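J.: Structure supplied as entry.pdb; contents: PDB, C-alpha atoms and all ligand atoms.
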```pdb
ATOM      1  CA  MET A   1      93.296 106.648  99.465
ATOM      2  CA  ALA A   2      92.314 107.369 103.055
ATOM      3  CA  LEU A   3      89.476 104.919 102.565
ATOM      4  CA  ARG A   4      91.970 102.291 101.492
ATOM      5  CA  VAL A   5      94.018 102.834 104.663
ATOM      6  CA  VAL A   6      90.881 102.472 106.772
ATOM      7  CA  ALA A   7      90.007  99.270 104.930
ATOM      8  CA  ALA A   8      93.483  97.881 105.589
ATOM      9  CA  VAL A   9      93.191  98.697 109.293
ATOM     10  CA  VAL A  10      89.806  96.979 109.461
ATOM     11  CA  VAL A  11      91.252  93.890 107.791
ATOM     12  CA  VAL A  12      94.111  93.784 110.298
ATOM     13  CA  LEU A  13      91.681  94.152 113.215
ATOM     14  CA  LEU A  14      89.503  91.357 111.875
ATOM     15  CA  ALA A  15      92.536  89.114 111.504
ATOM     16  CA  ALA A  16      93.584  89.830 115.093
ATOM     17  CA  ALA A  17      90.086  89.416 116.538
ATOM     18  CA  PRO A  18      90.392  85.709 117.440
ATOM     19  CA  MET A  19      93.268  86.589 119.758
ATOM     20  CA  VAL A  20      90.855  88.593 121.893
ATOM     21  CA  PHE A  21      89.267  85.364 123.049
ATOM     22  CA  GLY A  22      91.242  83.419 125.610
ATOM     23  CA  ALA A  23      93.184  80.251 125.138
ATOM     24  CA  ASN A  24      91.721  76.922 126.171
ATOM     25  CA  HIS A  25      93.865  74.871 128.537
ATOM     26  CA  VAL A  26      92.983  71.184 128.608
ATOM     27  CA  VAL A  27      93.993  70.210 132.112
ATOM     28  CA  GLY A  28      96.755  67.591 131.996
ATOM     29  CA  ASP A  29      96.792  67.757 128.200
ATOM     30  CA  SER A  30      96.576  64.192 126.888
ATOM     31  CA  GLN A  31      96.568  62.760 130.416
ATOM     32  CA  GLN A  32      93.516  64.851 131.188
ATOM     33  CA  TRP A  33      92.106  65.069 134.736
ATOM     34  CA  ASN A  34      93.226  61.866 136.360
ATOM     35  CA  THR A  35      95.157  60.329 139.205
ATOM     36  CA  GLY A  36      98.906  60.041 138.893
ATOM     37  CA  VAL A  37      99.422  63.352 137.104
ATOM     38  CA  ASP A  38     101.491  66.193 138.524
ATOM     39  CA  TYR A  39      99.263  69.193 137.954
ATOM     40  CA  THR A  40     101.658  71.564 139.652
ATOM     41  CA  THR A  41     104.194  70.850 136.944
ATOM     42  CA  TRP A  42     101.510  71.038 134.299
ATOM     43  CA  ALA A  43     100.284  74.407 135.567
ATOM     44  CA  ASN A  44     103.820  75.765 135.745
ATOM     45  CA  ASN A  45     104.163  75.138 132.034
ATOM     46  CA  GLN A  46     101.008  77.061 131.208
ATOM     47  CA  LYS A  47     100.424  80.761 130.848
ATOM     48  CA  PHE A  48      97.014  81.536 132.235
ATOM     49  CA  ALA A  49      95.355  84.806 131.393
ATOM     50  CA  VAL A  50      92.043  86.321 132.387
ATOM     51  CA  GLY A  51      89.419  85.048 129.973
ATOM     52  CA  ASP A  52      91.216  81.803 129.221
ATOM     53  CA  THR A  53      89.251  78.635 129.778
ATOM     54  CA  LEU A  54      90.277  75.636 131.806
ATOM     55  CA  GLU A  55      88.839  72.431 130.401
ATOM     56  CA  PHE A  56      88.708  69.371 132.623
ATOM     57  CA  LYS A  57      88.191  66.088 130.815
ATOM     58  CA  TYR A  58      87.710  63.088 133.066
ATOM     59  CA  GLY A  59      86.060  59.766 133.590
ATOM     60  CA  LEU A  60      82.829  59.697 135.540
ATOM     61  CA  THR A  61      84.507  58.427 138.701
ATOM     62  CA  HIS A  62      86.093  61.876 138.950
ATOM     63  CA  ASN A  63      84.722  65.342 139.443
ATOM     64  CA  VAL A  64      85.912  68.920 139.754
ATOM     65  CA  TYR A  65      85.520  70.763 143.032
ATOM     66  CA  GLU A  66      86.489  74.385 143.094
ATOM     67  CA  VAL A  67      87.752  75.094 146.602
ATOM     68  CA  ASN A  68      89.607  77.737 148.557
ATOM     69  CA  LYS A  69      93.324  77.599 149.177
ATOM     70  CA  SER A  70      93.244  76.007 152.608
ATOM     71  CA  ASP A  71      90.921  73.267 151.375
ATOM     72  CA  TYR A  72      93.209  72.804 148.406
ATOM     73  CA  ASP A  73      96.188  72.476 150.720
ATOM     74  CA  SER A  74      94.422  69.971 152.971
ATOM     75  CA  CYS A  75      92.521  68.128 150.211
ATOM     76  CA  SER A  76      89.245  68.960 151.909
ATOM     77  CA  SER A  77      86.100  68.737 149.793
ATOM     78  CA  SER A  78      83.609  69.531 152.532
ATOM     79  CA  ASN A  79      83.277  73.207 151.698
ATOM     80  CA  PRO A  80      83.397  73.570 147.910
ATOM     81  CA  ILE A  81      82.832  76.866 146.141
ATOM     82  CA  LYS A  82      81.448  75.022 143.145
ATOM     83  CA  VAL A  83      81.000  71.393 142.125
ATOM     84  CA  HIS A  84      81.237  70.115 138.565
ATOM     85  CA  ASN A  85      80.430  66.678 137.196
ATOM     86  CA  GLY A  86      79.823  65.057 133.850
ATOM     87  CA  GLY A  87      83.250  64.412 132.367
ATOM     88  CA  ASP A  88      83.853  67.677 130.549
ATOM     89  CA  THR A  89      83.963  70.900 132.519
ATOM     90  CA  SER A  90      85.036  74.262 131.155
ATOM     91  CA  ILE A  91      85.800  77.093 133.520
ATOM     92  CA  THR A  92      86.569  80.628 132.418
ATOM     93  CA  LEU A  93      89.414  82.104 134.423
ATOM     94  CA  SER A  94      89.073  85.408 136.190
ATOM     95  CA  SER A  95      91.900  87.294 137.822
ATOM     96  CA  GLY A  96      93.729  85.853 140.787
ATOM     97  CA  SER A  97      94.083  82.264 141.917
ATOM     98  CA  SER A  98      91.630  79.403 141.826
ATOM     99  CA  TYR A  99      91.910  75.911 143.243
ATOM    100  CA  TYR A 100      90.439  72.627 142.091
ATOM    101  CA  LEU A 101      90.460  69.073 143.308
ATOM    102  CA  CYS A 102      88.706  65.766 142.809
ATOM    103  CA  SER A 103      86.627  64.730 145.799
ATOM    104  CA  THR A 104      86.517  61.019 144.993
ATOM    105  CA  SER A 105      88.049  58.918 147.820
ATOM    106  CA  ASN A 106      91.705  59.915 148.073
ATOM    107  CA  HIS A 107      92.229  61.125 144.516
ATOM    108  CA  CYS A 108      93.267  64.557 145.712
ATOM    109  CA  SER A 109      96.125  63.196 147.765
ATOM    110  CA  GLN A 110      97.022  61.103 144.726
ATOM    111  CA  GLY A 111      97.574  64.263 142.803
ATOM    112  CA  MET A 112      94.184  65.371 141.530
ATOM    113  CA  LYS A 113      94.552  68.932 142.705
ATOM    114  CA  LEU A 114      95.225  71.985 140.637
ATOM    115  CA  ALA A 115      96.062  75.575 141.509
ATOM    116  CA  VAL A 116      95.818  78.176 138.766
ATOM    117  CA  THR A 117      96.967  81.774 138.930
ATOM    118  CA  THR A 118      96.247  84.185 136.120
ATOM    119  CA  ALA A 119      98.874  86.695 135.140
ATOM    120  CA  ALA A 120      98.055  90.273 136.026
ATOM    121  CA  SER A 121      97.652  91.675 132.549
ATOM    122  CA  SER A 122      95.107  94.468 132.228
ATOM    123  CA  THR A 123      96.560  96.995 134.666
ATOM    124  CA  PRO A 124     100.194  97.933 134.010
ATOM    125  CA  SER A 125     100.675 100.216 137.008
ATOM    126  CA  GLY A 126     102.429 103.531 136.644
ATOM    127  CA  ALA A 127     103.743 102.974 133.144
ATOM    128  CA  SER A 128     102.378 106.081 131.491
ATOM    129  CA  PRO A 129     104.080 107.509 128.424
ATOM    130  CA  PRO A 130     106.138 110.703 128.888
ATOM    131  CA  SER A 131     103.882 113.696 128.582
ATOM    132  CA  GLY A 132     106.488 116.271 127.500
ATOM    133  CA  SER A 133     105.829 117.550 124.004
ATOM    134  CA  ASN A 134     109.224 119.000 123.189
ATOM    135  CA  SER A 135     109.720 118.150 119.579
ATOM    136  CA  PRO A 136     113.300 118.374 118.264
ATOM    137  CA  SER A 137     112.210 120.485 115.286
ATOM    138  CA  ASN A 138     113.080 123.856 116.798
ATOM    139  CA  GLY A 139     116.283 124.324 114.806
ATOM    140  CA  SER A 140     117.011 126.729 111.974
ATOM    141  CA  THR A 141     115.903 124.359 109.269
ATOM    142  CA  THR A 142     112.184 123.930 109.096
ATOM    143  CA  PRO A 143     111.388 120.485 107.774
ATOM    144  CA  SER A 144     108.216 120.794 105.794
ATOM    145  CA  PRO A 145     106.509 117.894 104.057
ATOM    146  CA  PRO A 146     107.148 117.850 100.332
ATOM    147  CA  PRO A 147     104.314 119.499  98.406
ATOM    148  CA  PRO A 148     102.141 117.198  96.364
ATOM    149  CA  PRO A 149     102.907 117.110  92.650
ATOM    150  CA  PRO A 150     101.156 120.034  90.944
ATOM    151  CA  ASN A 151      98.743 118.159  88.735
ATOM    152  CA  GLY A 152      99.006 114.614  90.095
ATOM    153  CA  SER A 153      95.350 113.745  90.310
ATOM    154  CA  GLY A 154      94.572 115.436  87.004
ATOM    155  CA  SER A 155      97.150 113.491  85.044
ATOM    156  CA  GLY A 156      96.091 110.300  86.819
ATOM    157  CA  ARG A 157      92.550 110.854  85.759
ATOM    158  CA  VAL A 158      93.677 111.566  82.220
ATOM    159  CA  SER A 159      95.846 108.454  82.036
ATOM    160  CA  SER A 160      93.105 106.234  83.415
ATOM    161  CA  GLY A 161      90.738 107.766  80.923
ATOM    162  CA  VAL A 162      93.219 106.902  78.211
ATOM    163  CA  ALA A 163      93.402 103.360  79.525
ATOM    164  CA  VAL A 164      89.616 103.001  79.517
ATOM    165  CA  ALA A 165      89.502 104.357  75.976
ATOM    166  CA  GLY A 166      92.192 101.886  74.971
ATOM    167  CA  VAL A 167      90.275  98.951  76.465
ATOM    168  CA  LEU A 168      87.117 100.115  74.706
ATOM    169  CA  ALA A 169      88.980 100.459  71.440
ATOM    170  CA  LEU A 170      90.469  96.976  71.910
ATOM    171  CA  GLY A 171      87.034  95.544  72.668
ATOM    172  CA  LEU A 172      85.549  97.194  69.592
ATOM    173  CA  ALA A 173      88.451  95.943  67.485
ATOM    174  CA  LEU A 174      87.925  92.381  68.762
ATOM    175  CA  MET A 175      84.168  92.547  68.153
ATOM    176  CA  GLY A 176      84.544  94.097  64.753
TER     177      GLY A 176
HETATM  178 CU    CU A 201      89.144  61.612 140.907
END
```
Re-express the file's structure as structure tokens.
Ligand SMILES: [Cu+2]
T.:
Amino acid sequence: MALRVVAAVVVVLLAAAPMVFGANHVVGDSQQWNTGVDYTTWANNQKFAVGDTLEFKYGLTHNVYEVNKSDYDSCSSSNPIKVHNGGDTSITLSSGSSYYLCSTSNHCSQGMKLAVTTAASSTPSGASPPSGSNSPSNGSTTPSPPPPPPNGSGSGRVSSGVAVAGVLALGLALMG
């Protein structure tokens, strides 16, 4: 029976495993990474977490420059942290904020700039469970778990044996 509980727990863990991997956010959704899209609004409707991926899909006239905040604010592409090309760029988010823009002509000032901030998730500060171990079972009545039935496993074994014998008898009757 304990084995069955362990098996059930393993099944639940396996079912939950895909949630460990982060979500993929296609930048701009169906509008993708393009001019004329408000990526501030888009980002505000997303929930970014550490480990999520940001996927930029774009035509080859565009690109993805990862920049710092001041360059993001001023649409400067002269000092990029990282440059991506090729039309399909996936970036895995780490904690904090990251900033992206397109360096082509004036695309950034036409809206091709994106700021992403991941939610602080892994460190809930100061929220430790209460450590007091005062259980409310100090009263006069002592609640004890009910004892197992005296010959539970024995009778179970007997009844299953009877069942097996019955199946065998049925099989013999069918064959004979
Ligand atoms: Cu562009």
J.: Report the distance between CA of Asn44 (chain A) and CA of Val116 (chain A) in Å, rounded to one decimal place.
T.: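 Computing it gives 8.9 Å between the two atoms.
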J.: So which residues are near ligand CU 201 (chain A), meaning at most 9 Å away with only C-alpha atoms and all ligand atoms counted, given back as a PyMOL selection string?
T.: chain A and resi 33-35+58-64+101-108+110+112
J.: So how far away is CA of Ala115 (chain A) from CA of Gly96 (chain A), in Å?
T.: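 Going from CA of Gly96 (chain A) over to CA of Ala115 (chain A) covers 10.6 Å.
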J.: Within 9 Å of (85.1, 76.9, 130.8) in the file's own coordinates, which protein, DNA or RNA residues have an atom, counting all atoms listed in the file? List them as a list in words.
T.: Asn24, Asp52, Thr53, Leu54, Glu55, Phe56, Thr89, Ser90, Ile91, Thr92 and Leu93 of chain A
J.: Which residue is closest to Tyr100 (chain A)? Choose from A:Val26, A:Val67, A:Ile81, A:Ala119 and count all atoms listed in the file.
T.: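 Smallest distance to Tyr100 (chain A) is found for A:Val67.
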J.: Show me, as a list in words, the residues that have an atom within 8 Å of Ser95 (chain A) when counting all atoms listed in the file, minus same-chain residues fewer than 3 positions from it.
T.: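 The residues that qualify are Ala49, Val50, Thr117, Thr118, Ala119 and Ala120 of chain A.
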J.: If I take CA of Tyr39 (chain A) and CA of Leu114 (chain A), how far is one from the other in Å, to one decimal?
T.: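 Separation between CA of Tyr39 (chain A) and CA of Leu114 (chain A): 5.6 Å.
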J.: Calculated over all atoms listed in the file, which of the candidates A:Phe48, A:Ser109, A:Ser98, A:Asn68 has the smallest distance to Gly22 (chain A)?
T.: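 Looking at the shortest contact to Gly22 (chain A), the residue is A:Phe48.
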J.: With only C-alpha atoms as the atoms that count, which of A:Thr41, A:Ser78, A:Tyr99, A:Asp88 lies nearest to Lys113 (chain A)?
T.: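 Nearest to Lys113 (chain A): A:Tyr99.
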J.: For region 21-28 of chain A, take all atoms listed in the file, fit an axis-aligned box around them, add 4 Å to each of the six sides, then output centre and edge lengths in Å rounded to one decimal, as lines of an AutoDock Vina configuration file.
T.:
```
center_x = 93.0
center_y = 76.5
center_z = 127.6
size_x = 15.5
size_y = 25.8
size_z = 17.1
```
J.: Which is closer to Pro80 (chain A) than all the others in A:Gly36, A:Lys57, A:Tyr65, A:Ser94, using only C-alpha atoms?
T.: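 Between A:Gly36, A:Lys57, A:Tyr65, A:Ser94, the residue approaching Pro80 (chain A) most closely is A:Tyr65.
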